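Peer 1: One structure follows; several queries about it will come next.
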Amino acid sequence: MTKAKAAISLILNSITALMTAFVIVLLFFIDDPVINNGWESFMFFTTDANILTAIASVVVAVFDIRVLRGKADAIPKYAELLKYIGVVSLMLTFSTVIFFLVPVYGAGYELGGTNFHVHLAAPMMSLFSFLFCEKRTKISFKESLFGLLPTAVYAAVYYVMVVAIGAENGGWIDFYTFNQNGHWFSFFVVLMAATFGICMLVRLTFNSNKRMLRLKMSY
């Protein structure tokens, strides 16, 4: 990890973490009848995925500083994997927004205001810094499966709150319509399959790009 890459990584991770913190705080003060604010915003995968990635960004930023100060030459493996998990989660959010929500609700709403950061800026900054600045080792197939964890955990919680408990008993309303017509299992399979595809795509791009950089350095 060169100091130039560490500097870029530090800038992008710092912006991601600070802007995410700002957006989360702002959600407690926005009076918008269309979206859930305050503590209700934590019910959404988008919010949780951005918080997870912000935490990963802080961890990576700490080691970016160590690289810049000459006290380390790369980020540790656990930090790399934590950032990978965050990137996969944000890319699931990004894909859902671009391919499903924007056609329905329009880019003005889905990519405007605070949504610009959580739906577009944070995913793109996190993906770029991870792929091009924060390389340590290859991500193995087994390691890539860690990227499934946030989606699996969220899906389990969603099932309990929406299906097992239900809104009438103090649970959540089916705001993602995963249980529409009682087809919650089908949606779960599709959701996990989509997440697995993103895991593989990010992993293969990360590992392939690493090989490309080594080839360039050999000439």
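Simple scheme: letters A, B, ... for chains in structure tokens order, numbers from 1 for residues in each chain, numbers from 1 for ligands in the order shown.
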List as a PyMOL selection string the protein and nucleic acid residues near A:Leu145, meaning an atom at most 9 Å away when only C-alpha atoms are counted, but skip any in the same chain fewer than 4 places from it.
Peer 2: chain A and resi 140-141+149+196+199-200
Peer 1: The selected residues should be written to file as a CSV table (one decimal), in the first residue's frame (atoms: all heavy atoms).
Peer 2:
```csv
chain,number,residue,atom,x,y,z
A,140,SER,N,-10.4,-14.9,-0.5
A,140,SER,CA,-10.7,-16.3,-0.9
A,140,SER,C,-12.3,-16.4,-1.0
A,140,SER,O,-13.0,-15.6,-0.6
A,140,SER,CB,-10.2,-17.3,0.1
A,140,SER,OG,-10.9,-17.1,1.3
A,141,PHE,N,-12.7,-17.6,-1.6
A,141,PHE,CA,-14.1,-17.8,-1.8
A,141,PHE,C,-14.7,-17.9,-0.4
A,141,PHE,O,-15.8,-17.4,-0.2
A,141,PHE,CB,-14.3,-19.1,-2.6
A,141,PHE,CG,-15.8,-19.5,-2.6
A,141,PHE,CD1,-16.6,-18.9,-3.5
A,141,PHE,CD2,-16.3,-20.5,-1.8
A,141,PHE,CE1,-18.0,-19.3,-3.6
A,141,PHE,CE2,-17.6,-20.9,-1.9
A,141,PHE,CZ,-18.4,-20.3,-2.8
A,149,LEU,N,-23.4,-12.1,5.5
A,149,LEU,CA,-23.9,-12.0,6.8
A,149,LEU,C,-24.9,-10.9,7.1
A,149,LEU,O,-25.9,-11.1,7.7
A,149,LEU,CB,-22.7,-11.9,7.8
A,149,LEU,CG,-21.9,-13.2,8.0
A,149,LEU,CD1,-20.7,-13.0,8.9
A,149,LEU,CD2,-22.8,-14.3,8.6
A,196,PHE,N,-25.2,-12.9,-3.0
A,196,PHE,CA,-24.1,-13.8,-3.3
A,196,PHE,C,-23.5,-13.3,-4.7
A,196,PHE,O,-22.2,-13.4,-4.8
A,196,PHE,CB,-24.6,-15.2,-3.5
A,196,PHE,CG,-23.6,-16.2,-3.9
A,196,PHE,CD1,-22.7,-16.7,-3.0
A,196,PHE,CD2,-23.6,-16.7,-5.2
A,196,PHE,CE1,-21.7,-17.6,-3.4
A,196,PHE,CE2,-22.6,-17.6,-5.6
A,196,PHE,CZ,-21.7,-18.0,-4.7
A,199,CYS,N,-21.3,-10.4,-3.9
A,199,CYS,CA,-20.1,-10.9,-3.3
A,199,CYS,C,-19.1,-11.4,-4.3
A,199,CYS,O,-17.9,-11.1,-4.2
A,199,CYS,CB,-20.4,-12.0,-2.3
A,199,CYS,SG,-21.2,-11.6,-0.8
A,200,MET,N,-19.5,-12.2,-5.2
A,200,MET,CA,-18.6,-12.8,-6.2
A,200,MET,C,-18.0,-11.7,-7.1
A,200,MET,O,-16.9,-11.8,-7.5
A,200,MET,CB,-19.3,-13.9,-7.0
A,200,MET,CG,-19.7,-15.1,-6.2
A,200,MET,SD,-18.3,-16.0,-5.4
A,200,MET,CE,-18.5,-15.4,-3.7
```
Peer 1: Please list as JSON, numbers by chain every residue within 10 Å of A:Ala107, counting only C-alpha atoms and excluding residues in the same chain fewer than 6 positions away.
Peer 2: {"A": [97, 98, 101, 115, 116]}
Peer 1: Determine the nearest neighbour of A:Thr205 from the options A:Met125, A:Leu82, A:Leu131, A:Ala155, counting only C-alpha atoms.
Peer 2: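 Among the listed residues, A:Leu131 lies closest to A:Thr205.
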Peer 1: One decimal, in Å: what's the spacing between atom CA of A:Phe128 and atom CA of A:Phe206?
Peer 2: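 It comes out at 10.3 Å.
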Peer 1: Quick one: distance from atom CA of A:Phe188 to atom CA of A:Ala167 in Å, one decimal?
Peer 2: 19.3 Å
